[in-house]
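Quick look at run_3.txt (compact mmCIF, C-alpha atoms):
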# COMPACT_ATOMS: atom_id res chain seq x y z
CA MET A 184 -8.98 19.80 -13.70
CA LYS A 185 -10.15 16.19 -13.46
CA VAL A 186 -12.86 15.22 -10.96
CA THR A 187 -12.96 11.54 -10.09
CA PRO A 188 -16.38 9.97 -9.47
CA GLN A 189 -15.40 8.01 -6.35
CA TYR A 190 -14.83 11.26 -4.45
CA SER A 191 -17.33 13.96 -3.69
CA ARG A 192 -17.25 17.08 -5.79
CA TRP A 193 -15.12 18.79 -3.13
CA TRP A 194 -12.19 16.44 -3.65
CA ARG A 195 -10.67 17.61 -6.89
CA ARG A 196 -7.54 15.92 -8.08
CA ILE A 197 -5.03 16.84 -10.75
CA GLN A 198 -2.11 15.05 -12.33
CA LEU A 199 1.41 16.40 -11.78
CA LYS A 200 4.75 15.95 -13.50
CA SER A 201 5.53 13.38 -10.79
CA ARG A 202 2.41 11.41 -11.84
CA ARG A 203 1.01 11.92 -8.36
CA VAL A 204 -2.50 13.16 -7.78
CA LEU A 205 -3.02 16.08 -5.41
CA GLU A 206 -5.89 16.46 -2.99
CA ASN A 207 -7.92 19.67 -2.66
CA GLU A 208 -6.06 20.76 0.51
CA GLU A 209 -2.69 20.47 -1.23
CA LEU A 210 -3.98 22.46 -4.20
CA GLN A 211 -5.15 25.22 -1.88
CA MET A 212 -1.76 25.30 -0.17
CA ILE A 213 0.05 25.52 -3.51
CA SER A 214 -2.22 28.34 -4.63
CA LEU A 215 -1.66 30.27 -1.39
CA PHE A 216 2.10 29.68 -1.50
CA GLU A 217 2.41 30.85 -5.11
CA SER A 218 0.26 33.93 -4.57
CA LEU A 219 2.15 35.05 -1.45
CA THR A 220 5.69 34.27 -2.60
CA GLY A 221 5.62 34.65 -6.37
CA ALA A 222 7.59 31.39 -6.72
CA THR A 223 6.50 28.57 -9.02
CA VAL A 224 5.61 25.41 -7.08
CA LYS A 225 6.36 22.15 -8.89
CA ASP A 226 5.01 19.82 -6.21
CA CYS A 227 3.70 19.70 -2.66
CA PHE A 228 3.99 16.94 -0.05
CA LEU A 229 1.67 17.18 2.94
CA ASP A 230 2.14 15.33 6.24
CA PRO A 231 -0.98 16.15 8.29
CA GLU A 232 0.04 13.94 11.23
CA ARG A 233 3.21 15.97 11.85
CA ARG A 234 1.59 19.21 10.58
CA LYS A 235 4.33 19.61 8.02
CA VAL A 236 4.32 20.51 4.32
CA LEU A 237 7.18 20.44 1.82
CA PHE A 238 7.06 22.53 -1.35
CA VAL A 239 9.28 21.78 -4.35
CA VAL A 240 9.87 25.07 -6.16
CA ALA A 241 11.32 25.68 -9.62
CA GLU A 242 15.07 25.93 -10.02
CA ASN A 243 16.61 29.27 -8.93
CA GLN A 244 13.44 30.31 -7.09
CA LEU A 245 14.34 29.33 -3.55
CA GLY A 246 15.27 32.90 -2.63
CA VAL A 247 12.00 34.20 -4.06
CA ALA A 248 10.07 31.61 -2.06
CA LEU A 249 11.83 32.31 1.24
CA GLY A 250 11.86 36.08 1.10
CA ARG A 251 14.18 38.40 2.95
CA ARG A 252 15.13 36.77 6.28
CA GLY A 253 12.40 34.16 5.71
CA GLN A 254 9.56 36.68 6.00
CA LYS A 255 7.39 35.05 3.33
CA ILE A 256 7.77 31.56 4.79
CA ASN A 257 7.02 32.79 8.31
CA LYS A 258 3.86 34.52 7.05
CA ILE A 259 2.67 31.34 5.32
CA ARG A 260 3.56 29.30 8.42
CA ARG A 261 1.33 31.57 10.54
CA ILE A 262 -1.55 31.41 8.04
CA LEU A 263 -1.50 27.64 7.50
CA GLY A 264 -0.42 26.54 10.96
CA TYR A 265 2.00 24.04 9.39
CA ASN A 266 5.78 23.78 9.54
CA ILE A 267 7.06 24.49 6.06
CA ASP A 268 10.07 23.12 4.19
CA VAL A 269 11.05 24.39 0.76
CA VAL A 270 13.30 22.46 -1.63
CA GLU A 271 14.56 23.71 -4.96
CA GLU A 272 14.11 21.47 -7.99
CA ALA A 273 17.32 20.16 -9.58
CA LYS A 274 18.20 18.86 -13.02
CA ASP A 275 19.96 15.71 -11.81
CA ASP A 276 19.11 13.13 -9.16
CA GLU A 277 22.24 13.65 -7.05
CA THR A 278 21.68 17.37 -6.62
CA PHE A 279 18.01 16.81 -5.80
CA ILE A 280 18.84 14.26 -3.08
CA ARG A 281 21.52 16.60 -1.71
CA LYS A 282 18.93 19.40 -1.47
CA LEU A 283 16.38 17.10 0.18
CA LEU A 284 18.89 16.04 2.84
CA SER A 285 20.09 19.59 3.52
CA PRO A 286 21.41 20.79 6.01
CA ALA A 287 23.18 17.44 6.55
CA ARG A 288 26.72 17.43 5.12
CA ILE A 289 26.95 14.92 2.27
CA ASN A 290 30.34 13.45 1.30
CA TYR A 291 29.17 11.85 -1.94
CA ILE A 292 26.15 10.30 -3.63
CA LYS A 293 26.39 7.29 -5.92
CA ILE A 294 23.37 6.24 -7.96
CA THR A 295 23.35 2.75 -9.45
CA GLU A 296 20.77 0.76 -11.35
CA ARG A 297 19.93 -2.82 -10.38
CA GLY A 298 17.16 -4.81 -11.96
CA GLY A 299 15.79 -1.71 -13.64
CA GLN A 300 15.55 0.22 -10.36
CA LYS A 301 17.64 3.19 -9.27
CA ILE A 302 19.33 2.91 -5.87
CA ALA A 303 21.13 5.87 -4.29
CA TYR A 304 24.00 5.33 -1.84
CA VAL A 305 24.53 8.47 0.22
CA SER A 306 27.64 8.98 2.33
CA VAL A 307 26.82 11.41 5.14
CA ASP A 308 29.31 13.03 7.51
CA GLU A 309 29.38 11.08 10.80
CA ARG A 310 28.23 14.12 12.79
CA ASP A 311 25.16 14.54 10.59
CA LYS A 312 23.88 10.97 10.31
CA GLY A 313 21.29 11.58 13.01
CA LEU A 314 20.14 14.72 11.21
CA ALA A 315 19.85 12.88 7.88
CA ILE A 316 17.96 9.92 9.35
CA GLY A 317 15.82 11.82 11.87
CA ARG A 318 13.93 10.56 14.88
CA GLU A 319 12.52 7.10 14.15
CA GLY A 320 13.74 7.48 10.54
CA ARG A 321 11.25 10.24 9.71
CA ASN A 322 13.62 12.39 7.64
CA ILE A 323 15.07 9.59 5.52
CA ASN A 324 11.64 8.03 4.99
CA ARG A 325 10.31 11.37 3.75
CA VAL A 326 13.33 11.77 1.44
CA ARG A 327 12.87 8.20 0.14
CA GLU A 328 9.19 8.80 -0.58
CA ILE A 329 9.79 12.10 -2.37
CA ALA A 330 12.72 10.71 -4.39
CA ARG A 331 10.64 7.66 -5.36
CA ILE A 332 7.64 9.73 -6.44
CA TYR A 333 9.49 12.63 -8.02
CA ARG A 334 12.62 10.99 -9.49
CA GLY A 335 11.87 7.26 -9.68
CA ILE A 336 14.59 6.29 -7.19
CA ALA A 337 13.53 3.00 -5.61
CA HIS A 338 15.71 3.18 -2.49
CA ILE A 339 18.17 5.45 -0.69
CA LYS A 340 20.80 3.98 1.63
CA ILE A 341 22.65 6.13 4.15
CA MET A 342 26.28 5.08 4.68
Could I get this structure in the form of structure tokens?
Amino acid sequence: MKVTPQYSRWWRRIQLKSRRVLENEELQMISLFESLTGATVKDCFLDPERRKVLFVVAENQLGVALGRRGQKINKIRRILGYNIDVVEEAKDDETFIRKLLSPARINYIKITERGGQKIAYVSVDERDKGLAIGREGRNINRVREIARIYRGIAHIKIM
């Protein structure tokens, strides 16, 4: 574990696969999540303003993380006092974006590269555009941030 000098000793930070550094609070949440669910957490995204946390778990471990009828998630939700989202890691970018935008119905995803940057064009069913975008663009902004950090996708456009 690497401790950076500009922070007090209580703010420990580590480097992840996504090249993002986690704060102490996120590390504690990951530790609690893994110990209570038995699932392997690959990454954690915390939104303290909305009291929401998103965990990226290893492939094929979503069921382990949720538990029967969501019992494990509900227990963690009560302990942390945060709303919890869980997304399963995917091998390719399209599947990962599809999982991030779930439960919105996706028609297709096209990923192109322009100027060395990946851009994803996502066609969403008309009835689910509001769900994919979210109030004031919260959902799509969260998906854009996670895709940028975790997969190197510069921009996501909803069509």
| request: May I have the protein, DNA and RNA residues with an atom at most 12 Å from (7.3, 22.8, 9.3), counting all atoms listed in the file in the file's coordinates, returned as number ranges by chain? | output: A: 228-238, 256-257, 259-261, 263-269
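Proximity ranking of A:Val240, A:Ala330, A:Ile341, A:Val307 relative to Ala287 of chain A places A:Val307 first, based on all atoms listed in the file.
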| request: Might you pull out every residue within 12 Å of Ser218 of chain A, with all atoms listed in the file counted and same-chain residues fewer than 6 positions away left off, and present them as a VMD selection string? | output: chain A and resid 211 to 212 224 247 to 248 255 259
| message | Could you list, as a list in words, every residue within 12 Å of Asn324 of chain A, counting only C-alpha atoms and ignoring same-chain residues fewer than 4 positions away? | response | Leu283, Leu284, Ala315, Ile316, Gly317, Arg318, Glu319, Gly320, Glu328, Ile329, Ala330, Arg331, Ala337, His338, Ile339, Lys340 and Ile341 of chain A
